[in-house]
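A.B. asks: To start, I am sharing the structure in question, which I have written as structure tokens.
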Amino acid sequence: MSLDEARLHELLQKQQAGQVKAKDRYEIPSQPMPAQDAVVRRSNINEVALGYTETQARLEAMRCLQCKNAPCVEGCPVRIRIRDFVAAIADGKYDEALAIIRENSLLPAVCGRVCPQEVQCQETCTVGRKFKDVDKSVSIGRLERFVADRHKGGLLPKIAPPTGKKVAIIGSGPGGIVCAADTRRAGHDVTVFEAFHKPGGVMVYGIPEFRLPKAIVQEEIDVLKKMGVKIVCNFIVGRTRTIGDLMKEDGFDAVYVGVGAGLPRFMGIEGEQLVGVYSANEYLTRSNLMRAYAFGKGSDTPIAQSKRVAVVGGGNVAMDAARTAVRLGAEKVYLVYRRSEKEMPARVEEVHHAKEEGIEFHILQNPKRILGNEMGHVVGIECLRYELGEPDDSGRRRPVPIDGSEFMLDVDTVIVAIGNGANPLIQQTTPELEFNKWGNVIVDEKCATSMKGVYAGGDIVLGAATVILAMGQGRIAAAAINEYLAKG
Amino acid sequence: MSYKIVSKQQLSENVFTIEVEAPLIARARKAGQFVIVGVSNEYGERIPLTIAGAEPVKGTIRLIFQRVGKTTTQMADMNVGDSFGHVAGPLGKPTHVQKFGTVVCVGGGIGNAPLLPIAQAMKQAGNTILSILGSRNKELLILEEEFKIISDELIIVTDDGSYGRKAMVTEPLKELCRRNPKPDLVVAIGPTIMMKFCCETTRPMQIPTVVSLNTIMVDGTGMCGGCRVEVGGKTKFVCVDGPEFDGHQVDFDQMMKRMTAYRKLEQQALDAYQEHRCKIGLDQR
């Protein structure tokens, strides 16, 4: 018996006797996530975090104090009964734990991996508060992943008898999947339309394999298909058919618009049209969806064969791009961010993994221009150093450039990961919808748009959302659609 | 959706025309729009191709492509009955069609293919169509018959003088632009360098000139930004802002450089494919 097993055994015996005190729970060390070795993983695309063992999961679950007020649930955008599923894991009742999660979340294997728990459920966790360290909170996300991975695919939910109503879901990302599942459960005839040749949205084209294996996303899609949801790829709503066509001619009674991210933002500096300057969207799509990592080994998708790469930005997408560049063989990868590490929107775990993989952080720096050679290829970026000034609208301290602080970074590739604007196609082709000045669809608290029967959520509404926020909106919209269709 | 090839014809040494089953696209497409096709769903490239025509009742679209890289070579090897992994569209903004008066349509090489539906739509809108078609030699000229039908005047030029006039397209273009009254619009589609010089020709005479750009693309829906070009000093996305732009505003030099981004890798993929093809005897057919 290993030390951990012995500890668990002892705790379980105490538990049976009803003798486990808060003090005992605080004494259980926070269980580290087993991970692929940082050197080894630089040259493969396999998942980095390997998942808890059963002993680890139960020990971690025993750390939970089972607070009466369950502040973790308040922190969850879809209000999973976290306290209860953690208790079920501690008791070894994994099926029960999964069933509890599935009441509110359809994609536990995905969310357990990519949710920013440290600013959601784990931020409000009493254990973390006690240690004044969010990293010491109960690892709710890892526990969620543990039970989800034990039961791949899971049970098919019950489907109500056919209602004769048709629902169109535009976009097969996390919001679309949840909305499709929830409206299908209510007995509607549901079709998901996807512009790419593969369903899954950002989970397939954006988030890399090493963070979210594509097989997991495929399983979720398969569940939808088994539920009777139709999935139509290569269908660009607005172009192949408009929302008006779908409703007036094709007989759809309700539509959910979850088209996701739109035009990538660039910095508007000199040299951004040079060969070797990518948006993170393009770089990641080539690598993930189109498997450029296997170029010459089955894949035809070309991607820059970079030696020295600068990634601009401090979010999760920037980390994904930088870590992808490492795996594609870059010798040196710089992450250039104009604020300090504290202001980085990326998850702490991603920052940690990126550093482990040798990515060099250049904080409080920002490109001023990109330099090219006579062929129009990138040869370097000129950066400025910044310092932090007064807080801005976002509450973060505003970065201020330091005059005369210019310096050069020799790079052959620049990846711009500073966010996206709204997808322009829906606005171009759907004059009936109301948009705000940024081109995002305006919705009410039920995700209803200005067009009758049309609902929207995710990036196209929020600007930049996370997987879980998009799922949350998909769920709200589904409830509203079910209610709307029940009336008429 | 099967995206099956229902007919295939070789137009010249390296140019092929195929009809592909894509009923929804056939119904929705308008002149000037394109599709993104992929041979395989797992590992393939996604390449943009202009829709050269469509038969909505039959549910097919017509694509004309030139065998250049690996994917187009693979497409040229496909036969009637074979299917594409995916065809998505129609993409891009349709051509702005109205009665302008006299429209000069300039096509170069494979550019005649995207030009044809635009010329047809312009003709239908009541314009006088003056067409200039250029190619390197007689064998490489495509769609002459189709243009004859809709053109009020048709001028053919070849680089080597093997057919029509021995000239660049810009020569007759200049002559037509000097006529009185001068043409109301020029539409030029072909190699980037040709479009650039057509625009240089019409600029001093202030004749509005539309070009259709075929840049490197990934999604075609405004998500990746790979197709960006500078138009009038602003970054534009060919897939959602184009593919047609005011040619006098386009930074062609920059665009040409961007088009070379993957030349080395493209050659590598092509070489590997041809070697494989040779080994399995495909080239014997």
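A note on labels: chains of the structure tokens are A, B, ... as shown, every chain counts residues from 1, and ligands are counted from 1 in their shown order.
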Which residues are close to Ile468 of chain A, i.e. within 12 Å by only C-alpha atoms, leaving aside same-chain residues fewer than 3 positions away? Reply as a ChimeraX atom specification.
C.D. replies: /A:75-80,104-117,120-121,141,173-178,203,457-459,464-465,471-475
A.B. asks: Give me the residues within 12 Å of Gly247 of chain B as a ChimeraX atom specification, counting only C-alpha atoms and dropping any in the same chain fewer than 6 places off.
C.D. replies: /B:185-189,192-203,206-213,229-232
A.B. asks: Filtering to N, CA, C and O atoms, could you give me those residues as an mmCIF file, in the first residue's frame?
C.D. replies:
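That gives us result_5.cif:
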```cif
data_model
loop_
_atom_site.group_PDB
_atom_site.id
_atom_site.type_symbol
_atom_site.label_atom_id
_atom_site.label_comp_id
_atom_site.auth_asym_id
_atom_site.auth_seq_id
_atom_site.Cartn_x
_atom_site.Cartn_y
_atom_site.Cartn_z
ATOM 1 N N LEU B 185 -16.862 50.786 -66.704
ATOM 2 C CA LEU B 185 -16.298 49.920 -65.660
ATOM 3 C C LEU B 185 -15.364 48.899 -66.295
ATOM 4 O O LEU B 185 -15.620 48.423 -67.405
ATOM 5 N N VAL B 186 -14.298 48.573 -65.560
ATOM 6 C CA VAL B 186 -13.417 47.483 -65.985
ATOM 7 C C VAL B 186 -13.432 46.430 -64.881
ATOM 8 O O VAL B 186 -13.368 46.762 -63.691
ATOM 9 N N VAL B 187 -13.579 45.160 -65.288
ATOM 10 C CA VAL B 187 -13.452 44.060 -64.335
ATOM 11 C C VAL B 187 -12.252 43.237 -64.788
ATOM 12 O O VAL B 187 -12.237 42.753 -65.924
ATOM 13 N N ALA B 188 -11.258 43.133 -63.942
ATOM 14 C CA ALA B 188 -10.036 42.416 -64.335
ATOM 15 C C ALA B 188 -9.780 41.274 -63.363
ATOM 16 O O ALA B 188 -9.695 41.487 -62.152
ATOM 17 N N ILE B 189 -9.685 40.056 -63.896
ATOM 18 C CA ILE B 189 -9.395 38.902 -63.033
ATOM 19 C C ILE B 189 -8.358 38.010 -63.702
ATOM 20 O O ILE B 189 -8.513 37.611 -64.853
ATOM 21 N N THR B 192 -2.146 37.943 -60.156
ATOM 22 C CA THR B 192 -2.063 39.187 -59.394
ATOM 23 C C THR B 192 -1.317 40.273 -60.177
ATOM 24 O O THR B 192 -1.739 41.431 -60.214
ATOM 25 N N ILE B 193 -0.240 39.871 -60.827
ATOM 26 C CA ILE B 193 0.569 40.837 -61.561
ATOM 27 C C ILE B 193 -0.224 41.450 -62.722
ATOM 28 O O ILE B 193 -0.136 42.643 -63.001
ATOM 29 N N MET B 194 -1.059 40.632 -63.371
ATOM 30 C CA MET B 194 -1.893 41.143 -64.454
ATOM 31 C C MET B 194 -2.920 42.160 -63.928
ATOM 32 O O MET B 194 -3.117 43.223 -64.501
ATOM 33 N N MET B 195 -3.539 41.822 -62.803
ATOM 34 C CA MET B 195 -4.536 42.734 -62.226
ATOM 35 C C MET B 195 -3.877 44.052 -61.846
ATOM 36 O O MET B 195 -4.429 45.130 -62.050
ATOM 37 N N LYS B 196 -2.661 43.941 -61.316
ATOM 38 C CA LYS B 196 -1.932 45.153 -60.937
ATOM 39 C C LYS B 196 -1.739 46.056 -62.163
ATOM 40 O O LYS B 196 -2.033 47.260 -62.111
ATOM 41 N N PHE B 197 -1.265 45.469 -63.280
ATOM 42 C CA PHE B 197 -0.990 46.309 -64.452
ATOM 43 C C PHE B 197 -2.276 46.802 -65.134
ATOM 44 O O PHE B 197 -2.284 47.893 -65.691
ATOM 45 N N CYS B 198 -3.351 46.022 -65.051
ATOM 46 C CA CYS B 198 -4.635 46.525 -65.558
ATOM 47 C C CYS B 198 -5.041 47.768 -64.777
ATOM 48 O O CYS B 198 -5.514 48.761 -65.339
ATOM 49 N N CYS B 199 -4.851 47.712 -63.463
ATOM 50 C CA CYS B 199 -5.228 48.853 -62.618
ATOM 51 C C CYS B 199 -4.340 50.064 -62.914
ATOM 52 O O CYS B 199 -4.809 51.198 -62.903
ATOM 53 N N GLU B 200 -3.062 49.787 -63.178
ATOM 54 C CA GLU B 200 -2.160 50.892 -63.532
ATOM 55 C C GLU B 200 -2.584 51.526 -64.858
ATOM 56 O O GLU B 200 -2.414 52.720 -65.075
ATOM 57 N N THR B 201 -3.128 50.686 -65.759
ATOM 58 C CA THR B 201 -3.573 51.176 -67.064
ATOM 59 C C THR B 201 -4.806 52.072 -66.933
ATOM 60 O O THR B 201 -4.912 53.113 -67.582
ATOM 61 N N THR B 202 -5.748 51.657 -66.106
ATOM 62 C CA THR B 202 -7.027 52.391 -66.020
ATOM 63 C C THR B 202 -6.960 53.576 -65.068
ATOM 64 O O THR B 202 -7.769 54.494 -65.164
ATOM 65 N N ARG B 203 -5.998 53.551 -64.154
ATOM 66 C CA ARG B 203 -5.912 54.602 -63.130
ATOM 67 C C ARG B 203 -5.808 56.009 -63.727
ATOM 68 O O ARG B 203 -6.613 56.886 -63.337
ATOM 69 N N GLN B 206 -8.965 57.229 -64.952
ATOM 70 C CA GLN B 206 -10.015 57.264 -63.929
ATOM 71 C C GLN B 206 -11.225 56.413 -64.268
ATOM 72 O O GLN B 206 -12.371 56.852 -64.123
ATOM 73 N N ILE B 207 -10.960 55.212 -64.748
ATOM 74 C CA ILE B 207 -12.060 54.289 -65.003
ATOM 75 C C ILE B 207 -12.127 53.296 -63.847
ATOM 76 O O ILE B 207 -11.144 52.603 -63.556
ATOM 77 N N PRO B 208 -13.268 53.263 -63.167
ATOM 78 C CA PRO B 208 -13.392 52.355 -62.015
ATOM 79 C C PRO B 208 -13.043 50.922 -62.413
ATOM 80 O O PRO B 208 -13.509 50.436 -63.446
ATOM 81 N N THR B 209 -12.214 50.263 -61.611
ATOM 82 C CA THR B 209 -11.731 48.938 -61.961
ATOM 83 C C THR B 209 -11.898 47.979 -60.789
ATOM 84 O O THR B 209 -11.397 48.233 -59.697
ATOM 85 N N VAL B 210 -12.639 46.911 -61.053
ATOM 86 C CA VAL B 210 -12.894 45.920 -60.008
ATOM 87 C C VAL B 210 -11.982 44.719 -60.236
ATOM 88 O O VAL B 210 -11.837 44.270 -61.370
ATOM 89 N N VAL B 211 -11.360 44.237 -59.155
ATOM 90 C CA VAL B 211 -10.553 43.028 -59.259
ATOM 91 C C VAL B 211 -11.103 41.997 -58.270
ATOM 92 O O VAL B 211 -11.745 42.369 -57.290
ATOM 93 N N SER B 212 -10.874 40.726 -58.554
ATOM 94 C CA SER B 212 -11.310 39.677 -57.626
ATOM 95 C C SER B 212 -10.063 38.968 -57.122
ATOM 96 O O SER B 212 -9.283 38.436 -57.906
ATOM 97 N N LEU B 213 -9.875 38.976 -55.808
ATOM 98 C CA LEU B 213 -8.632 38.455 -55.236
ATOM 99 C C LEU B 213 -8.803 37.019 -54.758
ATOM 100 O O LEU B 213 -9.852 36.649 -54.225
ATOM 101 N N VAL B 229 -5.605 41.665 -46.844
ATOM 102 C CA VAL B 229 -4.876 42.489 -47.807
ATOM 103 C C VAL B 229 -5.055 43.940 -47.381
ATOM 104 O O VAL B 229 -5.966 44.264 -46.618
ATOM 105 N N GLU B 230 -4.181 44.784 -47.890
ATOM 106 C CA GLU B 230 -4.347 46.194 -47.580
ATOM 107 C C GLU B 230 -5.057 46.867 -48.746
ATOM 108 O O GLU B 230 -4.617 46.783 -49.893
ATOM 109 N N VAL B 231 -6.188 47.481 -48.447
ATOM 110 C CA VAL B 231 -6.965 48.174 -49.477
ATOM 111 C C VAL B 231 -7.184 49.601 -48.996
ATOM 112 O O VAL B 231 -7.785 49.822 -47.942
ATOM 113 N N GLY B 232 -6.662 50.548 -49.735
ATOM 114 C CA GLY B 232 -6.791 51.940 -49.331
ATOM 115 C C GLY B 232 -6.153 52.200 -47.976
ATOM 116 O O GLY B 232 -6.649 53.000 -47.187
#
```
A.B. asks: For chain B against chain A, which residues fall within 7 Å using only C-alpha atoms, given as a list in words?
C.D. replies: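 Matching residues, ligands excluded from the count: Leu24, Ile25, Ala28, Asn41, Tyr43, Gly44, Glu45, His86, Val87, Ala88, Gly89, Pro90, Leu91, Asp219, Thr221, Gly222, Met223, Cys224, Gly225, Gly226, Lys257, Arg258, Ala261, Tyr262, Leu265 and Ala269 of chain B.
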A.B. asks: Take the residues that were just selected and, keeping N, CA and C atoms, output them as a CSV table (one decimal), in the first residue's frame.
C.D. replies:
```csv
chain,number,residue,atom,x,y,z
B,24,LEU,N,-27.4,23.0,-52.3
B,24,LEU,CA,-27.7,24.2,-51.6
B,24,LEU,C,-26.9,25.4,-52.1
B,25,ILE,N,-25.6,25.1,-52.5
B,25,ILE,CA,-24.7,26.1,-53.0
B,25,ILE,C,-25.2,26.5,-54.4
B,28,ALA,N,-28.0,28.9,-53.9
B,28,ALA,CA,-27.8,30.2,-53.3
B,28,ALA,C,-26.7,31.1,-54.0
B,41,ASN,N,-11.3,15.0,-45.4
B,41,ASN,CA,-11.8,15.7,-44.2
B,41,ASN,C,-10.8,15.7,-43.0
B,43,TYR,N,-7.0,15.4,-43.2
B,43,TYR,CA,-5.7,16.0,-43.3
B,43,TYR,C,-5.5,17.0,-44.3
B,44,GLY,N,-6.6,17.3,-45.1
B,44,GLY,CA,-6.5,18.1,-46.3
B,44,GLY,C,-6.4,19.6,-46.0
B,45,GLU,N,-5.9,20.2,-47.1
B,45,GLU,CA,-5.9,21.7,-47.2
B,45,GLU,C,-7.3,22.1,-47.5
B,86,HIS,N,-15.2,17.9,-48.6
B,86,HIS,CA,-16.1,19.0,-48.2
B,86,HIS,C,-16.0,20.1,-49.2
B,87,VAL,N,-17.2,20.7,-49.4
B,87,VAL,CA,-17.4,21.9,-50.2
B,87,VAL,C,-18.3,22.8,-49.4
B,88,ALA,N,-17.7,24.0,-49.1
B,88,ALA,CA,-18.5,25.0,-48.3
B,88,ALA,C,-18.7,26.3,-49.0
B,89,GLY,N,-19.9,26.8,-49.0
B,89,GLY,CA,-20.2,28.1,-49.6
B,89,GLY,C,-21.6,28.3,-49.8
B,90,PRO,N,-22.0,29.3,-50.6
B,90,PRO,CA,-21.1,30.2,-51.3
B,90,PRO,C,-20.6,31.3,-50.4
B,91,LEU,N,-19.3,31.6,-50.6
B,91,LEU,CA,-18.7,32.6,-49.7
B,91,LEU,C,-18.4,33.9,-50.4
B,219,ASP,N,-10.7,29.5,-43.2
B,219,ASP,CA,-12.1,29.2,-42.9
B,219,ASP,C,-13.1,29.9,-44.0
B,221,THR,N,-14.8,32.5,-43.5
B,221,THR,CA,-16.0,33.1,-42.9
B,221,THR,C,-15.6,34.3,-42.0
B,222,GLY,N,-14.4,34.8,-42.1
B,222,GLY,CA,-13.9,35.9,-41.3
B,222,GLY,C,-13.4,35.6,-39.9
B,223,MET,N,-12.9,34.4,-39.8
B,223,MET,CA,-12.4,34.0,-38.4
B,223,MET,C,-10.9,34.0,-38.3
B,224,CYS,N,-10.2,33.6,-39.4
B,224,CYS,CA,-8.8,33.4,-39.3
B,224,CYS,C,-7.9,34.6,-39.7
B,225,GLY,N,-8.3,35.4,-40.6
B,225,GLY,CA,-7.6,36.6,-40.9
B,225,GLY,C,-6.4,36.3,-41.9
B,226,GLY,N,-6.3,35.1,-42.3
B,226,GLY,CA,-5.1,34.7,-43.2
B,226,GLY,C,-5.2,35.4,-44.6
B,257,LYS,N,3.6,39.2,-52.2
B,257,LYS,CA,4.5,38.6,-51.3
B,257,LYS,C,3.8,37.6,-50.4
B,258,ARG,N,2.6,38.0,-49.9
B,258,ARG,CA,1.9,37.1,-49.0
B,258,ARG,C,1.6,35.8,-49.7
B,261,ALA,N,3.9,32.7,-49.2
B,261,ALA,CA,4.2,32.3,-47.9
B,261,ALA,C,4.6,30.8,-47.8
B,262,TYR,N,3.9,29.9,-48.5
B,262,TYR,CA,4.1,28.5,-48.3
B,262,TYR,C,4.7,27.8,-49.5
B,265,LEU,N,6.9,24.7,-48.9
B,265,LEU,CA,6.1,23.6,-48.3
B,265,LEU,C,5.2,23.0,-49.4
B,269,ALA,N,5.0,19.2,-50.6
B,269,ALA,CA,3.8,18.3,-50.6
B,269,ALA,C,3.5,17.7,-52.0
```
A.B. asks: Check the DSSP output for the backbone and give back, as a PDB file with N, CA, C and O atoms, in the first residue's frame, the residues of segment 366-412 of chain A in strand (DSSP E or B).
C.D. replies:
```pdb
ATOM      1  N   ASN A 366       5.824  45.507 -25.517  1.00  0.00           N
ATOM      2  CA  ASN A 366       4.821  45.438 -26.587  1.00  0.00           C
ATOM      3  C   ASN A 366       5.479  45.812 -27.914  1.00  0.00           C
ATOM      4  O   ASN A 366       6.322  46.700 -27.944  1.00  0.00           O
ATOM      5  N   PRO A 367       5.083  45.120 -28.994  1.00  0.00           N
ATOM      6  CA  PRO A 367       5.693  45.448 -30.280  1.00  0.00           C
ATOM      7  C   PRO A 367       5.336  46.850 -30.760  1.00  0.00           C
ATOM      8  O   PRO A 367       4.208  47.305 -30.579  1.00  0.00           O
ATOM      9  N   LYS A 368       6.305  47.505 -31.358  1.00  0.00           N
ATOM     10  CA  LYS A 368       6.075  48.817 -31.935  1.00  0.00           C
ATOM     11  C   LYS A 368       5.943  48.681 -33.450  1.00  0.00           C
ATOM     12  O   LYS A 368       5.141  49.313 -34.089  1.00  0.00           O
ATOM     13  N   ARG A 369       6.778  47.823 -34.023  1.00  0.00           N
ATOM     14  CA  ARG A 369       6.645  47.490 -35.442  1.00  0.00           C
ATOM     15  C   ARG A 369       7.293  46.144 -35.720  1.00  0.00           C
ATOM     16  O   ARG A 369       8.118  45.661 -34.937  1.00  0.00           O
ATOM     17  N   ILE A 370       6.873  45.563 -36.841  1.00  0.00           N
ATOM     18  CA  ILE A 370       7.422  44.272 -37.246  1.00  0.00           C
ATOM     19  C   ILE A 370       8.304  44.535 -38.456  1.00  0.00           C
ATOM     20  O   ILE A 370       7.912  45.262 -39.370  1.00  0.00           O
ATOM     21  N   LEU A 371       9.499  43.964 -38.437  1.00  0.00           N
ATOM     22  CA  LEU A 371      10.438  44.226 -39.530  1.00  0.00           C
ATOM     23  C   LEU A 371      10.517  43.037 -40.468  1.00  0.00           C
ATOM     24  O   LEU A 371      10.440  41.886 -40.037  1.00  0.00           O
ATOM     25  N   GLY A 372      10.677  43.346 -41.747  1.00  0.00           N
ATOM     26  CA  GLY A 372      10.752  42.281 -42.742  1.00  0.00           C
ATOM     27  C   GLY A 372      11.958  42.431 -43.640  1.00  0.00           C
ATOM     28  O   GLY A 372      12.603  43.484 -43.666  1.00  0.00           O
ATOM     29  N   HIS A 377       9.342  38.733 -45.664  1.00  0.00           N
ATOM     30  CA  HIS A 377       9.238  37.795 -44.550  1.00  0.00           C
ATOM     31  C   HIS A 377       9.690  38.464 -43.252  1.00  0.00           C
ATOM     32  O   HIS A 377      10.601  39.288 -43.262  1.00  0.00           O
ATOM     33  N   VAL A 378       9.072  38.077 -42.152  1.00  0.00           N
ATOM     34  CA  VAL A 378       9.408  38.651 -40.850  1.00  0.00           C
ATOM     35  C   VAL A 378      10.852  38.332 -40.468  1.00  0.00           C
ATOM     36  O   VAL A 378      11.291  37.186 -40.621  1.00  0.00           O
ATOM     37  N   VAL A 379      11.582  39.335 -39.983  1.00  0.00           N
ATOM     38  CA  VAL A 379      12.919  39.074 -39.451  1.00  0.00           C
ATOM     39  C   VAL A 379      13.084  39.542 -38.002  1.00  0.00           C
ATOM     40  O   VAL A 379      14.061  39.220 -37.350  1.00  0.00           O
ATOM     41  N   GLY A 380      12.108  40.286 -37.511  1.00  0.00           N
ATOM     42  CA  GLY A 380      12.220  40.707 -36.120  1.00  0.00           C
ATOM     43  C   GLY A 380      11.097  41.635 -35.716  1.00  0.00           C
ATOM     44  O   GLY A 380      10.313  42.090 -36.566  1.00  0.00           O
ATOM     45  N   ILE A 381      10.983  41.867 -34.422  1.00  0.00           N
ATOM     46  CA  ILE A 381      10.052  42.896 -33.959  1.00  0.00           C
ATOM     47  C   ILE A 381      10.796  43.896 -33.089  1.00  0.00           C
ATOM     48  O   ILE A 381      11.714  43.535 -32.345  1.00  0.00           O
ATOM     49  N   GLU A 382      10.391  45.145 -33.249  1.00  0.00           N
ATOM     50  CA  GLU A 382      10.930  46.166 -32.364  1.00  0.00           C
ATOM     51  C   GLU A 382       9.904  46.364 -31.257  1.00  0.00           C
ATOM     52  O   GLU A 382       8.721  46.575 -31.526  1.00  0.00           O
ATOM     53  N   CYS A 383      10.364  46.247 -30.010  1.00  0.00           N
ATOM     54  CA  CYS A 383       9.442  46.354 -28.881  1.00  0.00           C
ATOM     55  C   CYS A 383       9.748  47.596 -28.054  1.00  0.00           C
ATOM     56  O   CYS A 383      10.850  48.139 -28.089  1.00  0.00           O
ATOM     57  N   LEU A 384       8.751  47.994 -27.305  1.00  0.00           N
ATOM     58  CA  LEU A 384       8.915  49.066 -26.331  1.00  0.00           C
ATOM     59  C   LEU A 384       8.689  48.475 -24.937  1.00  0.00           C
ATOM     60  O   LEU A 384       7.859  47.586 -24.772  1.00  0.00           O
ATOM     61  N   ARG A 385       9.416  48.992 -23.957  1.00  0.00           N
ATOM     62  CA  ARG A 385       9.145  48.574 -22.585  1.00  0.00           C
ATOM     63  C   ARG A 385       8.034  49.447 -22.013  1.00  0.00           C
ATOM     64  O   ARG A 385       7.905  50.611 -22.380  1.00  0.00           O
ATOM     65  N   TYR A 386       7.263  48.853 -21.106  1.00  0.00           N
ATOM     66  CA  TYR A 386       6.126  49.557 -20.513  1.00  0.00           C
ATOM     67  C   TYR A 386       6.264  49.578 -18.990  1.00  0.00           C
ATOM     68  O   TYR A 386       6.976  48.775 -18.398  1.00  0.00           O
ATOM     69  N   GLU A 387       5.543  50.518 -18.370  1.00  0.00           N
ATOM     70  CA  GLU A 387       5.384  50.441 -16.912  1.00  0.00           C
ATOM     71  C   GLU A 387       3.901  50.586 -16.608  1.00  0.00           C
ATOM     72  O   GLU A 387       3.141  51.042 -17.456  1.00  0.00           O
ATOM     73  N   LEU A 388       3.512  50.212 -15.396  1.00  0.00           N
ATOM     74  CA  LEU A 388       2.088  50.258 -15.080  1.00  0.00           C
ATOM     75  C   LEU A 388       1.714  51.610 -14.486  1.00  0.00           C
ATOM     76  O   LEU A 388       2.363  52.098 -13.573  1.00  0.00           O
ATOM     77  N   GLY A 389       0.654  52.205 -15.051  1.00  0.00           N
ATOM     78  CA  GLY A 389       0.168  53.478 -14.542  1.00  0.00           C
ATOM     79  C   GLY A 389      -1.089  53.279 -13.704  1.00  0.00           C
ATOM     80  O   GLY A 389      -1.227  52.286 -12.988  1.00  0.00           O
ATOM     81  N   GLU A 390      -2.008  54.225 -13.836  1.00  0.00           N
ATOM     82  CA  GLU A 390      -3.260  54.174 -13.061  1.00  0.00           C
ATOM     83  C   GLU A 390      -4.178  53.077 -13.628  1.00  0.00           C
ATOM     84  O   GLU A 390      -4.084  52.751 -14.801  1.00  0.00           O
ATOM     85  N   PRO A 391      -5.088  52.558 -12.791  1.00  0.00           N
ATOM     86  CA  PRO A 391      -6.036  51.555 -13.299  1.00  0.00           C
ATOM     87  C   PRO A 391      -6.912  52.130 -14.428  1.00  0.00           C
ATOM     88  O   PRO A 391      -7.262  53.306 -14.390  1.00  0.00           O
ATOM     89  N   ARG A 397      -4.193  47.924 -14.052  1.00  0.00           N
ATOM     90  CA  ARG A 397      -3.348  49.112 -14.201  1.00  0.00           C
ATOM     91  C   ARG A 397      -2.944  49.279 -15.654  1.00  0.00           C
ATOM     92  O   ARG A 397      -2.508  48.352 -16.303  1.00  0.00           O
ATOM     93  N   ARG A 398      -3.105  50.486 -16.127  1.00  0.00           N
ATOM     94  CA  ARG A 398      -2.871  50.779 -17.537  1.00  0.00           C
ATOM     95  C   ARG A 398      -1.365  50.737 -17.864  1.00  0.00           C
ATOM     96  O   ARG A 398      -0.559  51.348 -17.172  1.00  0.00           O
ATOM     97  N   PRO A 399      -0.997  49.993 -18.912  1.00  0.00           N
ATOM     98  CA  PRO A 399       0.411  49.969 -19.297  1.00  0.00           C
ATOM     99  C   PRO A 399       0.790  51.256 -20.053  1.00  0.00           C
ATOM    100  O   PRO A 399       0.059  51.682 -20.929  1.00  0.00           O
ATOM    101  N   VAL A 400       1.884  51.860 -19.661  1.00  0.00           N
ATOM    102  CA  VAL A 400       2.331  53.110 -20.290  1.00  0.00           C
ATOM    103  C   VAL A 400       3.720  52.884 -20.891  1.00  0.00           C
ATOM    104  O   VAL A 400       4.625  52.408 -20.198  1.00  0.00           O
ATOM    105  N   PRO A 401       3.898  53.189 -22.191  1.00  0.00           N
ATOM    106  CA  PRO A 401       5.213  52.954 -22.798  1.00  0.00           C
ATOM    107  C   PRO A 401       6.288  53.875 -22.216  1.00  0.00           C
ATOM    108  O   PRO A 401       6.013  55.020 -21.857  1.00  0.00           O
ATOM    109  N   PHE A 407      13.797  48.122 -28.232  1.00  0.00           N
ATOM    110  CA  PHE A 407      14.813  47.089 -28.392  1.00  0.00           C
ATOM    111  C   PHE A 407      14.293  46.067 -29.393  1.00  0.00           C
ATOM    112  O   PHE A 407      13.108  46.033 -29.693  1.00  0.00           O
ATOM    113  N   MET A 408      15.183  45.241 -29.910  1.00  0.00           N
ATOM    114  CA  MET A 408      14.819  44.292 -30.960  1.00  0.00           C
ATOM    115  C   MET A 408      14.750  42.869 -30.435  1.00  0.00           C
ATOM    116  O   MET A 408      15.530  42.470 -29.584  1.00  0.00           O
ATOM    117  N   LEU A 409      13.802  42.111 -30.969  1.00  0.00           N
ATOM    118  CA  LEU A 409      13.769  40.665 -30.770  1.00  0.00           C
ATOM    119  C   LEU A 409      13.883  40.032 -32.145  1.00  0.00           C
ATOM    120  O   LEU A 409      13.107  40.360 -33.039  1.00  0.00           O
TER     121      LEU A 409
END
```
A.B. asks: Can you tell me which residues surround Val311 of chain A at a distance of at most 12 Å, considering only C-alpha atoms, apart from same-chain residues fewer than 2 positions away, and format the answer as a ChimeraX atom specification?
C.D. replies: /A:276-280,283,308-309,313-326,330,332-338,354,359-363,365-367,381,409,411-418
A.B. asks: Under the rule that only C-alpha atoms are counted, which of B:Gly59, B:Lys93, B:Gln274, B:Leu140 is the nearest residue to Phe237 of chain B?
C.D. replies: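 Residue with the minimum atom-to-atom distance to Phe237 of chain B: B:Lys93.
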A.B. asks: List the spatial neighbours of Leu270 of chain B as a short mmCIF file (atom, residue, chain, number, x, y, z; two decimals) with C-alpha atoms, in the first residue's frame - criterion: any atom at most 10 Å away, only C-alpha atoms, same-chain residues fewer than 2 positions off excluded.
C.D. replies:
```cif
data_model
loop_
_atom_site.label_atom_id
_atom_site.label_comp_id
_atom_site.auth_asym_id
_atom_site.auth_seq_id
_atom_site.Cartn_x
_atom_site.Cartn_y
_atom_site.Cartn_z
CA ASP A 300 -0.99 18.74 -46.49
CA VAL B 68 -0.56 23.76 -59.45
CA GLY B 69 0.07 22.23 -56.04
CA LYS B 70 -0.66 18.97 -54.34
CA THR B 71 -4.37 19.46 -53.69
CA THR B 72 -5.14 20.60 -57.23
CA THR B 73 -3.05 17.74 -58.63
CA GLN B 74 -5.04 15.37 -56.47
CA LYS B 264 8.48 25.77 -50.35
CA LEU B 265 6.12 23.59 -48.34
CA GLU B 266 3.64 23.44 -51.20
CA GLN B 267 6.37 22.13 -53.49
CA GLN B 268 7.39 19.60 -50.85
CA ALA B 272 5.82 13.74 -52.12
CA TYR B 273 2.44 13.22 -53.77
CA GLN B 274 3.89 12.77 -57.23
CA GLU B 275 6.42 10.28 -55.99
CA HIS B 276 3.66 8.33 -54.27
#
```
